[in-house]
$ cat model_2.txt   # compact mmCIF, C-alpha atoms
# COMPACT_ATOMS: atom_id res chain seq x y z
CA MET O 1 69.65 63.28 88.95
CA ASN O 2 68.36 60.43 91.10
CA GLU O 3 64.97 60.06 92.73
CA ASP O 4 66.38 60.99 96.13
CA SER O 5 67.24 64.54 95.15
CA TYR O 6 65.39 67.70 96.03
CA VAL O 7 65.66 69.09 92.50
CA ARG O 8 62.35 70.59 91.46
CA ARG O 9 60.33 68.39 89.11
CA ARG O 10 57.25 69.18 87.07
CA GLY O 11 54.29 69.59 89.35
CA GLU O 12 56.40 69.77 92.52
CA THR O 13 57.35 72.71 94.70
CA PRO O 14 60.52 73.01 96.73
CA PRO O 15 60.48 72.94 100.52
CA SER O 16 59.53 76.23 102.17
CA GLY O 17 62.43 78.64 101.94
CA PRO O 18 63.79 81.75 103.56
CA PRO O 19 60.97 84.30 103.86
CA GLY O 20 63.36 86.93 105.14
CA ARG O 21 63.95 85.35 108.53
CA VAL O 22 66.55 82.89 109.71
CA VAL O 23 65.48 79.27 109.22
CA PRO O 24 67.23 76.12 110.48
CA PRO O 25 70.23 75.30 108.26
CA LEU O 26 68.81 71.93 107.25
CA ALA O 27 65.57 73.55 106.05
CA LEU O 28 67.61 76.16 104.19
CA ALA O 29 69.79 73.50 102.55
CA ARG O 30 66.67 71.62 101.47
CA TRP O 31 65.16 74.78 100.01
CA CYS O 32 68.30 75.55 98.03
CA ALA O 33 68.50 71.99 96.72
CA GLY O 34 64.80 72.19 95.82
CA ASN O 35 65.72 75.03 93.47
CA GLY O 36 68.34 72.84 91.82
CA TRP O 37 71.28 74.47 93.63
CA PRO O 38 73.91 72.00 94.89
CA VAL O 39 74.77 72.80 98.51
CA HIS O 40 77.71 72.07 100.80
CA PRO O 41 78.32 72.78 104.50
CA LEU O 42 80.08 75.84 105.85
CA ALA O 43 81.93 75.73 109.15
CA PRO O 44 79.56 76.70 112.00
CA GLY O 45 79.55 80.45 112.47
CA ARG O 46 81.79 81.04 109.44
CA LYS O 47 81.39 81.74 105.74
CA THR O 48 84.04 79.22 104.69
CA PRO O 49 83.80 75.42 104.30
CA PRO O 50 85.07 73.13 107.08
CA GLY O 51 88.45 71.46 106.79
CA ASN O 52 89.00 68.41 104.63
CA CYS O 53 89.24 64.87 105.96
CA PRO O 54 92.71 63.71 107.14
CA ASN O 55 93.44 61.93 103.85
CA CYS O 56 92.62 64.97 101.73
CA LYS O 57 94.69 67.20 104.00
CA THR O 58 97.80 65.10 103.43
CA GLN O 59 97.33 64.02 99.80
CA HIS O 60 96.81 67.47 98.22
CA HIS O 61 95.10 65.88 95.25
CA ASP O 62 92.85 67.36 92.57
CA PRO O 63 89.41 68.05 94.16
CA ARG O 64 87.73 67.20 90.84
CA THR O 65 88.91 63.59 91.03
CA CYS O 66 88.72 63.10 94.81
CA PRO O 67 86.39 60.23 95.80
CA CYS O 68 85.24 61.96 99.01
CA PRO O 69 82.45 64.14 97.55
CA ARG O 70 81.07 61.18 95.58
CA ALA O 71 81.11 59.15 98.80
CA GLY O 72 79.15 61.84 100.66
CA ARG O 73 82.06 63.40 102.53
CA PRO O 74 82.04 67.23 102.39
CA CYS O 75 85.69 67.67 101.39
CA HIS O 76 86.93 70.41 99.06
CA GLY O 77 84.12 72.89 99.68
CA PHE O 78 81.95 73.58 96.65
CA HIS O 79 83.32 70.51 94.86
CA ALA O 80 81.16 68.48 97.27
CA GLY O 81 77.97 70.38 96.39
CA THR O 82 74.94 68.10 96.03
CA THR O 83 71.15 68.09 95.82
CA ASP O 84 70.88 64.54 97.17
CA ARG O 85 68.37 64.41 100.04
CA HIS O 86 70.07 61.67 102.04
CA VAL O 87 73.48 63.32 101.87
CA ILE O 88 72.06 66.72 102.81
CA ASP O 89 70.11 65.29 105.74
CA SER O 90 73.18 63.38 106.91
CA TRP O 91 75.45 66.44 106.78
CA TRP O 92 73.14 68.79 108.65
CA THR O 93 71.94 66.18 111.12
CA THR O 94 75.55 65.45 112.04
CA SER O 95 76.40 69.17 112.24
CA PRO O 96 73.13 71.10 112.62
CA ASP O 97 74.88 74.45 113.11
CA SER O 98 76.78 74.30 109.81
CA GLY O 99 76.01 77.11 107.41
CA VAL O 100 74.90 76.58 103.82
CA GLY O 101 77.04 77.25 100.77
CA VAL O 102 75.80 77.02 97.18
CA ALA O 103 78.09 75.84 94.36
CA CYS O 104 77.46 78.51 91.73
CA GLY O 105 78.69 76.72 88.60
CA PRO O 106 76.61 73.52 88.89
CA ALA O 107 73.62 75.63 90.01
CA ASP O 108 73.78 77.72 86.79
CA LEU O 109 74.06 80.81 88.98
CA ILE O 110 76.16 83.92 88.68
CA VAL O 111 76.30 86.24 91.68
CA ILE O 112 77.55 89.83 91.58
CA ASP O 113 79.31 90.31 94.92
CA ILE O 114 79.47 94.02 95.70
CA ASP O 115 81.93 94.82 98.46
CA ALA O 116 82.12 97.79 100.79
CA HIS O 117 85.60 97.26 102.21
CA SER O 118 87.63 100.10 103.64
CA ALA O 119 90.52 100.26 101.19
CA PRO O 120 92.49 102.91 99.29
CA VAL O 121 90.83 103.81 96.01
CA PRO O 122 93.10 102.79 93.10
CA ASP O 123 93.90 104.85 90.05
CA ARG O 124 90.86 105.58 87.91
CA SER O 125 92.26 103.33 85.19
CA ARG O 126 91.60 100.31 87.44
CA LEU O 127 88.07 101.19 88.56
CA LEU O 128 86.31 99.86 85.45
CA PRO O 129 88.72 97.56 83.58
CA GLY O 130 88.82 98.42 79.90
CA ILE O 131 86.80 101.62 80.27
CA PRO O 132 88.84 104.84 80.44
CA ILE O 133 87.36 107.35 82.86
CA PRO O 134 88.16 110.90 81.72
CA ASP O 135 89.70 113.28 84.22
CA ALA O 136 86.61 115.45 83.83
CA VAL O 137 84.54 112.81 85.65
CA ASP O 138 84.37 113.77 89.33
CA LEU O 139 85.16 110.71 91.44
CA ASN O 140 85.04 112.46 94.80
CA GLY O 141 83.14 110.29 97.27
CA LEU O 142 83.76 107.04 95.40
CA ALA O 143 84.66 104.53 98.08
CA SER O 144 83.32 101.03 97.37
CA GLY O 145 81.96 98.53 94.90
CA PHE O 146 78.53 100.12 95.20
CA ASP O 147 80.00 103.21 93.56
CA THR O 148 81.87 101.41 90.78
CA MET O 149 78.85 99.20 90.00
CA ALA O 150 76.63 102.27 89.78
CA LEU O 151 79.24 103.99 87.61
CA LEU O 152 79.39 101.04 85.21
CA ALA O 153 75.59 100.95 84.97
CA ALA O 154 75.51 104.71 84.33
CA TYR O 155 78.09 104.38 81.55
CA ARG O 156 75.88 101.76 79.87
CA GLN O 157 72.66 103.68 80.65
CA GLN O 158 71.30 100.70 82.53
CA ALA O 159 69.74 100.13 85.94
CA ASP O 160 72.15 99.59 88.82
CA PRO O 161 72.13 95.87 89.79
CA ALA O 162 72.36 96.87 93.45
CA GLN O 163 68.89 98.37 93.04
CA ASP O 164 67.46 95.47 91.00
CA THR O 165 64.27 94.56 92.86
CA THR O 166 63.38 91.83 90.32
CA THR O 167 66.00 89.40 91.59
CA LEU O 168 67.26 87.91 94.84
CA ARG O 169 69.54 90.36 96.69
CA VAL O 170 71.26 89.52 99.96
CA ARG O 171 72.87 92.00 102.34
CA THR O 172 76.10 90.64 103.82
CA PRO O 173 77.25 91.12 107.44
CA SER O 174 80.12 93.34 106.24
CA GLY O 175 77.74 95.76 104.52
CA GLY O 176 78.17 94.36 101.01
CA LEU O 177 75.51 92.97 98.70
CA HIS O 178 75.09 89.71 96.77
CA VAL O 179 72.98 90.13 93.63
CA TRP O 180 71.90 86.69 92.39
CA TYR O 181 71.18 85.90 88.74
CA ARG O 182 70.63 82.68 86.84
CA LEU O 183 72.24 81.89 83.53
CA PRO O 184 69.86 82.27 80.56
CA THR O 185 71.59 79.33 78.87
CA PRO O 186 73.90 76.67 80.34
CA LYS O 187 75.93 76.72 77.11
CA ILE O 188 77.77 79.88 78.21
CA ARG O 189 79.78 79.52 81.42
CA TYR O 190 81.45 82.31 83.34
CA ARG O 191 84.56 82.26 85.47
CA SER O 192 84.73 83.64 89.00
CA SER O 193 86.84 86.74 89.57
CA ALA O 194 87.94 89.22 92.21
CA GLY O 195 87.41 92.93 91.77
CA SER O 196 91.01 93.59 92.79
CA SER O 197 92.42 91.37 90.03
CA SER O 198 94.57 92.98 87.36
CA LYS O 199 93.73 90.14 84.94
CA VAL O 200 89.97 89.49 84.96
CA ALA O 201 87.62 91.82 86.85
CA LEU O 202 84.25 93.47 86.30
CA ALA O 203 84.82 96.50 88.52
CA TRP O 204 86.85 97.49 91.56
CA GLN O 205 85.42 95.89 94.73
CA VAL O 206 82.96 93.88 92.65
CA ASP O 207 83.61 90.13 92.66
CA VAL O 208 81.94 87.60 90.39
CA ARG O 209 80.88 84.24 91.83
CA ALA O 210 80.32 81.68 89.10
CA GLU O 211 82.13 78.58 87.85
CA GLY O 212 84.78 77.54 90.36
CA GLY O 213 83.18 79.39 93.27
CA TYR O 214 80.39 79.33 95.83
CA ILE O 215 78.08 81.79 97.56
CA VAL O 216 76.64 81.87 101.07
CA ALA O 217 72.93 81.02 101.04
CA PRO O 218 70.47 83.73 102.18
CA THR O 219 69.55 83.72 105.90
CA THR O 220 72.78 81.90 106.81
CA ARG O 221 74.00 83.19 110.18
CA THR O 222 77.69 83.69 110.99
CA ARG O 223 79.51 85.19 113.96
CA GLN O 224 79.64 88.48 112.06
CA GLY O 225 75.91 88.54 111.35
CA THR O 226 73.22 87.21 109.03
CA TYR O 227 73.09 87.13 105.23
CA ALA O 228 69.76 88.90 105.01
CA PRO O 229 67.61 88.86 101.84
CA LEU O 230 66.19 92.23 100.82
CA GLY O 231 62.66 92.93 99.63
CA THR O 232 60.28 90.10 98.79
CA VAL O 233 61.95 88.38 95.80
CA ARG O 234 63.55 85.08 96.77
CA LEU O 235 64.68 83.66 93.42
CA PRO O 236 67.26 84.88 90.89
CA ALA O 237 66.15 86.60 87.71
CA PRO O 238 67.89 85.88 84.38
CA LEU O 239 71.24 87.61 83.94
CA PRO O 240 70.56 90.96 82.20
CA ALA O 241 71.87 91.09 78.64
CA TRP O 242 73.96 94.19 79.27
CA LEU O 243 75.72 92.51 82.21
CA ALA O 244 76.33 89.42 80.06
CA ASN O 245 77.98 91.70 77.51
CA GLU O 246 80.15 93.30 80.19
CA LEU O 247 81.22 89.90 81.48
CA ALA O 248 82.15 88.85 77.95
CA ARG O 249 84.06 92.10 77.41
CA THR O 250 86.08 91.63 80.59
CA GLY O 251 87.09 88.04 79.80
CA HIS O 252 84.73 86.14 82.09
CA ILE O 253 83.45 83.65 79.52
CA LEU O 254 85.02 80.23 79.91
CA LYS O 255 85.98 78.73 76.58
CA PRO O 256 86.70 75.01 76.30
CA ARG O 257 90.33 74.37 75.59
CA PRO O 258 90.82 72.93 72.09
CA THR O 259 91.88 69.29 71.98
CA PRO O 260 95.29 68.84 70.35
CA PRO O 261 95.25 66.84 67.09
CA ALA O 262 95.69 63.11 67.57
CA ALA O 263 98.48 63.11 65.01
CA ALA O 264 100.54 65.54 67.03
CA PRO O 265 100.37 64.52 70.72
CA ARG O 266 102.19 66.75 73.17
CA PRO O 267 105.13 65.00 74.80
CA HIS O 268 105.74 65.11 78.54
CA GLY O 269 109.22 63.71 78.97
CA PRO O 270 111.35 64.02 82.12
CA ARG O 271 113.77 66.52 80.54
CA ARG O 272 110.86 68.64 79.31
CA ALA O 273 109.34 68.75 82.82
CA GLN O 274 112.73 69.57 84.40
CA THR O 275 113.12 72.55 82.10
CA ALA O 276 109.64 73.78 82.96
CA HIS O 277 110.26 73.41 86.69
CA ARG O 278 113.37 75.56 86.43
CA VAL O 279 111.00 78.33 85.33
CA LEU O 280 108.18 77.59 87.76
CA ASP O 281 109.97 76.54 90.97
CA PRO O 282 111.36 80.01 91.82
CA LEU O 283 107.80 81.38 91.61
CA LEU O 284 106.52 78.59 93.87
CA ASP O 285 109.32 79.35 96.32
CA GLU O 286 108.10 82.96 96.50
CA VAL O 287 104.59 81.72 97.33
CA ALA O 288 105.95 79.35 99.99
CA ARG O 289 107.99 82.12 101.65
CA CYS O 290 104.76 84.07 102.19
CA GLY O 291 104.01 81.55 104.92
CA THR O 292 106.61 83.20 107.12
CA VAL O 293 104.92 86.62 106.84
CA SER O 294 101.34 87.21 107.98
CA GLU O 295 100.78 90.45 106.03
CA GLY O 296 102.34 92.54 103.28
CA ALA O 297 103.90 89.63 101.41
CA ALA O 298 101.93 90.22 98.17
CA PHE O 299 100.73 86.62 98.45
CA THR O 300 97.84 87.00 95.98
CA GLU O 301 100.02 88.53 93.28
CA LYS O 302 102.73 85.89 93.74
CA LEU O 303 100.27 83.00 93.65
CA ASN O 304 98.55 84.45 90.59
CA ARG O 305 101.92 84.84 88.82
CA ALA O 306 102.84 81.24 89.59
CA ALA O 307 99.45 79.94 88.44
CA PHE O 308 99.55 82.02 85.24
CA THR O 309 103.02 80.71 84.41
CA ALA O 310 101.94 77.15 85.22
CA GLY O 311 98.91 77.51 82.93
CA GLY O 312 101.14 78.65 80.09
CA LEU O 313 103.57 75.78 80.65
CA ALA O 314 100.72 73.25 80.74
CA ALA O 315 99.12 74.67 77.58
CA ALA O 316 102.44 74.39 75.76
CA GLY O 317 102.74 70.75 76.79
CA HIS O 318 105.60 71.07 79.28
CA LEU O 319 103.59 69.96 82.35
CA GLU O 320 100.36 68.13 83.15
CA GLU O 321 97.76 70.60 84.43
CA SER O 322 96.32 68.22 87.06
CA VAL O 323 99.76 67.63 88.54
CA ILE O 324 100.74 71.29 88.60
CA ARG O 325 97.34 72.29 90.03
CA ASP O 326 97.99 69.95 92.96
CA LEU O 327 101.43 71.48 93.50
CA LEU O 328 100.06 75.02 93.40
CA THR O 329 97.25 74.10 95.79
CA ALA O 330 99.55 72.40 98.29
CA THR O 331 102.01 75.31 98.26
CA ALA O 332 99.28 77.94 98.62
CA HIS O 333 97.43 76.13 101.41
CA ALA O 334 100.66 75.65 103.34
CA ALA O 335 101.37 79.38 103.16
CA ARG O 336 97.79 80.57 103.79
CA PRO O 337 95.87 77.64 105.36
CA ARG O 338 92.92 79.74 106.50
CA GLN O 339 91.87 80.92 103.03
CA THR O 340 91.67 77.71 101.03
CA SER O 341 88.71 78.80 98.88
CA HIS O 342 90.44 82.08 98.05
CA ASN O 343 93.61 80.22 97.15
CA GLU O 344 91.74 77.85 94.85
CA LYS O 345 90.03 80.73 93.07
CA ILE O 346 93.34 82.46 92.41
CA ILE O 347 94.81 79.21 91.09
CA HIS O 348 91.78 78.52 88.91
CA ASP O 349 91.79 82.00 87.39
CA GLY O 350 95.56 82.06 86.94
CA LEU O 351 95.70 78.68 85.23
CA ALA O 352 92.82 79.63 82.92
CA ALA O 353 94.46 82.93 81.96
CA GLY O 354 97.84 81.28 81.42
CA ALA O 355 96.30 78.53 79.29
CA ALA O 356 95.28 81.19 76.77
CA ARG O 357 98.96 82.10 76.31
CA PRO O 358 101.06 78.92 75.94
CA LEU O 359 104.60 79.40 77.20
CA HIS O 360 107.05 77.76 74.79
CA LEU O 361 110.46 77.44 76.38
CA LYS O 362 113.52 78.33 74.35
CA GLY O 363 114.91 75.38 72.52
CA ARG O 364 111.75 73.35 73.11
CA PRO O 365 108.75 72.79 70.79

$ encode --input "model_2.txt" --output "structure tokens"
Amino acid sequence: MNEDSYVRRRGETPPSGPPGRVVPPLALARWCAGNGWPVHPLAPGRKTPPGNCPNCKTQHHDPRTCPCPRAGRPCHGFHAGTTDRHVIDSWWTTSPDSGVGVACGPADLIVIDIDAHSAPVPDRSRLLPGIPIPDAVDLNGLASGFDTMALLAAYRQQADPAQDTTTLRVRTPSGGLHVWYRLPTPKIRYRSSAGSSSKVALAWQVDVRAEGGYIVAPTTRTRQGTYAPLGTVRLPAPLPAWLANELARTGHILKPRPTPPAAAPRPHGPRRAQTAHRVLDPLLDEVARCGTVSEGAAFTEKLNRAAFTAGGLAAAGHLEESVIRDLLTATAHAARPRQTSHNEKIIHDGLAAGAARPLHLKGRP
């Protein structure tokens, strides 16, 4: 980290932060960076990042290799997160009404995002993934992530994170709650997930914001309302051990992909890629067709299926992951341009899940 950053050093204190009231976005961004949390702008009045620059909009390249964030341009949302003072001051001086997002992975943060959406309650088998809920358990009145989070804590005889007064908690404008924790060790990384996912989820209507995701900073104001911190605690406590165990049990730990032996490199010939695309292209076409329907197209499921298949094909050596990630991203953003961060999370999770199950095509090694 260079000398121009706001990262806390020995003997220093970060700039004054949110005491429970709304502070100017620049001051908030400085406070977050002072805690070592890389920040990036959010579109004024919204909880999502602003659009990319014209080049990034047309190139559809891998955000991880894009030169824009390194050059101080806030493209690709959380990928542009920084603690650099000059960049932060430039961003929020140019657009003083921009909100503040925090890149969870580089900040060593994991945030339990408890939702309170009005939605039909699924079958009890999907409320707590991997935990069977006997019919004798009365679920009358269960309606949101607050209930499933409390149920999970009760099953483990632990305190409900929603009531954890030792850590930073932020009430969202929609009535949900963000419970912030810091990672006890940077050696273990966690993936982001959505509570509605059938692949990796902690509980119904409970999202996990970690690697590959971002969170709205406390006191940020949107058109829907303010992200208001609760109580007096303003910093995250360490992730409780029991929650770490639950995240491990539900597949949230990111494991580095093993490097293939040098003596047996994986080929990527044209015929091999053509065979893989005959499997993947119909799934991409289904995602693309969702662009003609505003609702009820099962877009999330179709994108997840395509990403999972692509991850399996890449792990088996049929396709390059960086290339196929770009294709998935371009297709998804064309179909649902207003939810780019959501699209990228689905793609990230789907590719990671598929990579664990290499898809070897018939007649191919």

$ closest_residue --input "model_2.txt" --among "O:Thr219, O:Leu284, O:Pro69, O:Pro173" --to "Leu26 of chain O" --atoms "all atoms listed in the file"
O:Thr219

$ closest_residue --input "model_2.txt" --among "O:Pro24, O:Gly350, O:Pro184, O:Gly45" --to "Pro240 of chain O" --atoms "all atoms listed in the file"
O:Pro184

$ closest_residue --input "model_2.txt" --among "O:Ala153, O:Ala103, O:Ala244, O:Leu254" --to "Ala353 of chain O" --atoms "all atoms listed in the file"
O:Leu254

$ closest_residue --input "model_2.txt" --among "O:Ala330, O:Ala194, O:Ala307, O:Leu42" --to "Gly354 of chain O" --atoms "all atoms listed in the file"
O:Ala307

$ closest_residue --input "model_2.txt" --among "O:Ser322, O:Lys47, O:Pro106, O:Cys66" --to "Gln224 of chain O" --atoms "only C-alpha atoms"
O:Lys47

$ residues_around --input "model_2.txt" --residues "His61 of chain O" --least-positions-apart "6" --cutoff "10 Å" --atoms "only C-alpha atoms" --output "PyMOL selection string"
chain O and resi 55+322-323+325-327+329-330

$ closest_residue --input "model_2.txt" --among "O:Leu128, O:Pro25, O:Val279, O:Gly34" --to "Ser95 of chain O" --atoms "all atoms listed in the file"
O:Pro25

$ atom_distance --input "model_2.txt" --atom1 "atom CA of Ala335 of chain O" --atom2 "atom CA of Gln59 of chain O"
16.2 Å

$ atom_distance --input "model_2.txt" --atom1 "atom CA of Leu243 of chain O" --atom2 "atom CA of Gln158 of chain O"
9.3 Å
